[in-house]
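Here's the structure, in structure tokens; my notes come after.
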Amino acid sequence: MRALLQRVSEGRVTIDCLLRVMIGAGLVVLLGIEEADDESDVDWLVGKICRMRIFGDEGGLMNRSLQDIGGDALVVSQFTLHASTKKGNRPSFIKAARPDQAIPLYEGMVAALSRELSRPVATGEFGADMKVALVNDGPVTIWIDSRNRE
């Protein structure tokens, strides 16, 4: 499972020119699920996302987590995070999980994140053609891969 975390001052998802959801300060999480992923990846990743200290404290140092600041979270499915570009110029998405496997894991991720944060988590729409807009704060962008647990 791969997640691209972006610390934002705001984020939103629009589908068919209609605003689906908007958040304030917090994280936009672009989430890619691969066929090898399971619930253990969800649990590990949720812990990382909630406790990653990438928000400023009183001194401006990155010492606070999403939990600490009571920030918003927006999770958007993005299978293209599993693109393989090793061969040629057309990316291959062969490792990306198919919807029958990915949707339950995506929904499980959103539910677990919501439980951990003790509040609702905003989402895009799985499989939809979305327009995702955000204002990256910092900028701070962090790449996490559950296959490379550092």
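So you can find residues: chains in the structure tokens are A, B, ... in the order shown, residues in each start at 1, and ligands are numbered from 1 in order.
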
Contacts of stretch 108-121 of chain A at 12 Å (only C-alpha atoms; same-chain gap of 3+ positions) as a ChimeraX atom specification: /A:1-3,21-24,26-33,37-51,65-77,101-105,124-126

Writer output for current selection, N, CA and C atoms, as a compact mmCIF listing (two decimals), in the first residue's frame:
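The result, written out as again-v1.txt:
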```txt
# COMPACT_ATOMS: atom_id res chain seq x y z
N MET A 1 0.86 -1.16 0.00
CA MET A 1 0.00 0.00 0.00
C MET A 1 0.91 1.22 0.00
N ARG A 2 0.61 2.13 -0.88
CA ARG A 2 1.40 3.35 -0.98
C ARG A 2 0.53 4.56 -0.68
N ALA A 3 1.13 5.49 0.05
CA ALA A 3 0.41 6.72 0.36
C ALA A 3 1.33 7.90 0.12
N VAL A 21 -16.26 17.35 -1.72
CA VAL A 21 -15.79 17.51 -0.35
C VAL A 21 -14.69 18.56 -0.30
N MET A 22 -14.58 19.22 0.85
CA MET A 22 -13.52 20.21 1.06
C MET A 22 -13.04 20.08 2.50
N ILE A 23 -11.72 20.19 2.70
CA ILE A 23 -11.16 20.16 4.05
C ILE A 23 -10.33 21.41 4.28
N GLY A 24 -10.07 21.65 5.56
CA GLY A 24 -9.17 22.72 5.96
C GLY A 24 -7.78 22.15 6.21
N GLY A 26 -4.70 20.12 7.31
CA GLY A 26 -4.54 18.70 7.62
C GLY A 26 -3.75 17.98 6.55
N LEU A 27 -4.23 16.81 6.14
CA LEU A 27 -3.54 15.99 5.16
C LEU A 27 -4.46 15.57 4.03
N VAL A 28 -3.93 15.65 2.81
CA VAL A 28 -4.52 14.96 1.68
C VAL A 28 -3.68 13.71 1.49
N VAL A 29 -4.35 12.56 1.50
CA VAL A 29 -3.68 11.27 1.38
C VAL A 29 -4.10 10.65 0.05
N LEU A 30 -3.15 10.55 -0.86
CA LEU A 30 -3.38 9.84 -2.12
C LEU A 30 -2.98 8.40 -1.85
N LEU A 31 -3.91 7.46 -2.03
CA LEU A 31 -3.72 6.09 -1.61
C LEU A 31 -3.75 5.13 -2.79
N GLY A 32 -2.68 4.36 -2.93
CA GLY A 32 -2.60 3.33 -3.96
C GLY A 32 -2.55 1.96 -3.31
N ILE A 33 -3.40 1.06 -3.79
CA ILE A 33 -3.49 -0.29 -3.22
C ILE A 33 -3.01 -1.28 -4.26
N ASP A 37 -1.52 -6.30 -0.96
CA ASP A 37 -1.92 -5.62 0.29
C ASP A 37 -3.05 -6.35 1.01
N ASP A 38 -3.06 -6.18 2.33
CA ASP A 38 -4.14 -6.73 3.16
C ASP A 38 -4.37 -5.82 4.36
N GLU A 39 -5.16 -6.29 5.33
CA GLU A 39 -5.53 -5.48 6.49
C GLU A 39 -4.33 -5.06 7.33
N SER A 40 -3.27 -5.85 7.34
CA SER A 40 -2.08 -5.47 8.11
C SER A 40 -1.44 -4.21 7.53
N ASP A 41 -1.52 -4.04 6.22
CA ASP A 41 -1.00 -2.83 5.59
C ASP A 41 -1.84 -1.62 6.00
N VAL A 42 -3.16 -1.82 6.07
CA VAL A 42 -4.07 -0.76 6.50
C VAL A 42 -3.70 -0.31 7.91
N ASP A 43 -3.58 -1.27 8.84
CA ASP A 43 -3.29 -0.95 10.23
C ASP A 43 -1.97 -0.19 10.37
N TRP A 44 -0.94 -0.68 9.71
CA TRP A 44 0.37 -0.04 9.80
C TRP A 44 0.32 1.38 9.23
N LEU A 45 -0.30 1.53 8.08
CA LEU A 45 -0.34 2.82 7.41
C LEU A 45 -1.17 3.84 8.20
N VAL A 46 -2.28 3.42 8.75
CA VAL A 46 -3.12 4.33 9.55
C VAL A 46 -2.31 4.87 10.73
N GLY A 47 -1.57 3.99 11.40
CA GLY A 47 -0.73 4.44 12.51
C GLY A 47 0.29 5.47 12.09
N LYS A 48 0.92 5.23 10.96
CA LYS A 48 1.91 6.19 10.44
C LYS A 48 1.27 7.53 10.11
N ILE A 49 0.14 7.49 9.42
CA ILE A 49 -0.52 8.73 8.99
C ILE A 49 -0.95 9.56 10.21
N CYS A 50 -1.53 8.92 11.18
CA CYS A 50 -2.06 9.65 12.35
C CYS A 50 -0.96 10.22 13.24
N ARG A 51 0.18 9.52 13.32
CA ARG A 51 1.21 9.92 14.28
C ARG A 51 2.45 10.57 13.65
N SER A 65 1.59 15.89 15.24
CA SER A 65 0.95 14.97 14.30
C SER A 65 -0.43 15.48 13.92
N LEU A 66 -1.05 14.79 12.98
CA LEU A 66 -2.42 15.10 12.60
C LEU A 66 -3.34 14.97 13.81
N GLN A 67 -3.11 13.95 14.63
CA GLN A 67 -3.89 13.79 15.86
C GLN A 67 -3.69 14.97 16.79
N ASP A 68 -2.44 15.39 16.95
CA ASP A 68 -2.12 16.48 17.87
C ASP A 68 -2.83 17.78 17.51
N ILE A 69 -2.91 18.07 16.22
CA ILE A 69 -3.48 19.36 15.81
C ILE A 69 -4.98 19.29 15.56
N GLY A 70 -5.55 18.07 15.60
CA GLY A 70 -6.97 17.92 15.29
C GLY A 70 -7.28 18.28 13.85
N GLY A 71 -6.32 17.98 12.95
CA GLY A 71 -6.45 18.34 11.54
C GLY A 71 -7.40 17.45 10.77
N ASP A 72 -7.78 17.94 9.61
CA ASP A 72 -8.66 17.20 8.70
C ASP A 72 -7.85 16.20 7.88
N ALA A 73 -8.55 15.20 7.35
CA ALA A 73 -7.92 14.24 6.44
C ALA A 73 -8.85 14.01 5.26
N LEU A 74 -8.25 13.94 4.09
CA LEU A 74 -8.96 13.63 2.84
C LEU A 74 -8.21 12.49 2.18
N VAL A 75 -8.88 11.36 1.97
CA VAL A 75 -8.27 10.18 1.35
C VAL A 75 -8.84 10.02 -0.05
N VAL A 76 -7.93 9.94 -1.03
CA VAL A 76 -8.32 9.81 -2.43
C VAL A 76 -7.62 8.57 -3.00
N SER A 77 -8.40 7.65 -3.57
CA SER A 77 -7.81 6.47 -4.18
C SER A 77 -7.04 6.87 -5.45
N GLN A 101 -10.81 -6.18 -4.85
CA GLN A 101 -9.90 -6.25 -3.71
C GLN A 101 -9.63 -4.85 -3.13
N ALA A 102 -9.47 -3.87 -4.00
CA ALA A 102 -9.07 -2.53 -3.57
C ALA A 102 -10.17 -1.79 -2.81
N ILE A 103 -11.41 -1.91 -3.24
CA ILE A 103 -12.49 -1.15 -2.59
C ILE A 103 -12.63 -1.51 -1.11
N PRO A 104 -12.68 -2.78 -0.73
CA PRO A 104 -12.78 -3.08 0.71
C PRO A 104 -11.58 -2.56 1.51
N LEU A 105 -10.39 -2.63 0.93
CA LEU A 105 -9.21 -2.11 1.64
C LEU A 105 -9.25 -0.59 1.75
N GLY A 124 -12.63 10.96 -1.64
CA GLY A 124 -13.03 11.12 -3.03
C GLY A 124 -14.04 10.01 -3.31
N GLU A 125 -14.18 9.67 -4.59
CA GLU A 125 -15.08 8.57 -4.97
C GLU A 125 -14.26 7.55 -5.73
N PHE A 126 -14.19 6.35 -5.19
CA PHE A 126 -13.37 5.31 -5.78
C PHE A 126 -13.74 5.11 -7.25
```

Shell around A:Leu18 at 10 Å using only C-alpha atoms, local window under 5 positions removed, as a list in words: Val13, Met130 and Lys131 of chain A

Which of stretch 24-105 of chain A fall in strand (DSSP E or B), as number ranges by chain: A: 26-32, 34, 55-56, 62-64, 72-77, 84, 92, 96

For the selection just defined, write its residues with N, CA and C atoms to a file, as a compact mmCIF listing (two decimals), in the first residue's frame.
```txt
# COMPACT_ATOMS: atom_id res chain seq x y z
N GLY A 26 -4.70 20.12 7.31
CA GLY A 26 -4.54 18.70 7.62
C GLY A 26 -3.75 17.98 6.55
N LEU A 27 -4.23 16.81 6.14
CA LEU A 27 -3.54 15.99 5.16
C LEU A 27 -4.46 15.57 4.03
N VAL A 28 -3.93 15.65 2.81
CA VAL A 28 -4.52 14.96 1.68
C VAL A 28 -3.68 13.71 1.49
N VAL A 29 -4.35 12.56 1.50
CA VAL A 29 -3.68 11.27 1.38
C VAL A 29 -4.10 10.65 0.05
N LEU A 30 -3.15 10.55 -0.86
CA LEU A 30 -3.38 9.84 -2.12
C LEU A 30 -2.98 8.40 -1.85
N LEU A 31 -3.91 7.46 -2.03
CA LEU A 31 -3.72 6.09 -1.61
C LEU A 31 -3.75 5.13 -2.79
N GLY A 32 -2.68 4.36 -2.93
CA GLY A 32 -2.60 3.33 -3.96
C GLY A 32 -2.55 1.96 -3.31
N GLU A 34 -2.12 -2.18 -3.84
CA GLU A 34 -1.64 -3.20 -4.77
C GLU A 34 -2.17 -4.57 -4.38
N PHE A 55 3.65 18.54 11.46
CA PHE A 55 3.00 19.83 11.65
C PHE A 55 3.79 20.63 12.67
N GLY A 56 3.81 21.95 12.48
CA GLY A 56 4.62 22.82 13.31
C GLY A 56 4.13 22.97 14.74
N MET A 62 8.70 20.75 13.17
CA MET A 62 7.72 19.70 12.86
C MET A 62 7.71 18.68 13.99
N ASN A 63 6.89 18.96 15.00
CA ASN A 63 6.80 18.11 16.18
C ASN A 63 5.39 17.66 16.48
N ARG A 64 4.43 18.02 15.67
CA ARG A 64 3.04 17.66 15.93
C ARG A 64 2.49 16.77 14.83
N ASP A 72 -7.78 17.94 9.61
CA ASP A 72 -8.66 17.20 8.70
C ASP A 72 -7.85 16.20 7.88
N ALA A 73 -8.55 15.20 7.35
CA ALA A 73 -7.92 14.24 6.44
C ALA A 73 -8.85 14.01 5.26
N LEU A 74 -8.25 13.94 4.09
CA LEU A 74 -8.96 13.63 2.84
C LEU A 74 -8.21 12.49 2.18
N VAL A 75 -8.88 11.36 1.97
CA VAL A 75 -8.27 10.18 1.35
C VAL A 75 -8.84 10.02 -0.05
N VAL A 76 -7.93 9.94 -1.03
CA VAL A 76 -8.32 9.81 -2.43
C VAL A 76 -7.62 8.57 -3.00
N SER A 77 -8.40 7.65 -3.57
CA SER A 77 -7.81 6.47 -4.18
C SER A 77 -7.04 6.87 -5.45
N SER A 84 4.47 1.17 -12.94
CA SER A 84 5.82 0.72 -13.23
C SER A 84 6.26 1.41 -14.52
N SER A 92 2.89 0.80 -16.67
CA SER A 92 2.12 -0.41 -16.45
C SER A 92 1.54 -0.36 -15.03
N ALA A 96 -1.29 -2.89 -9.41
CA ALA A 96 -2.43 -2.25 -8.75
C ALA A 96 -3.54 -3.26 -8.54
```

In chain A, DSSP alpha helix (DSSP H) residues written as a PyMOL selection string: chain A and resi 39-51+66-69+99-117
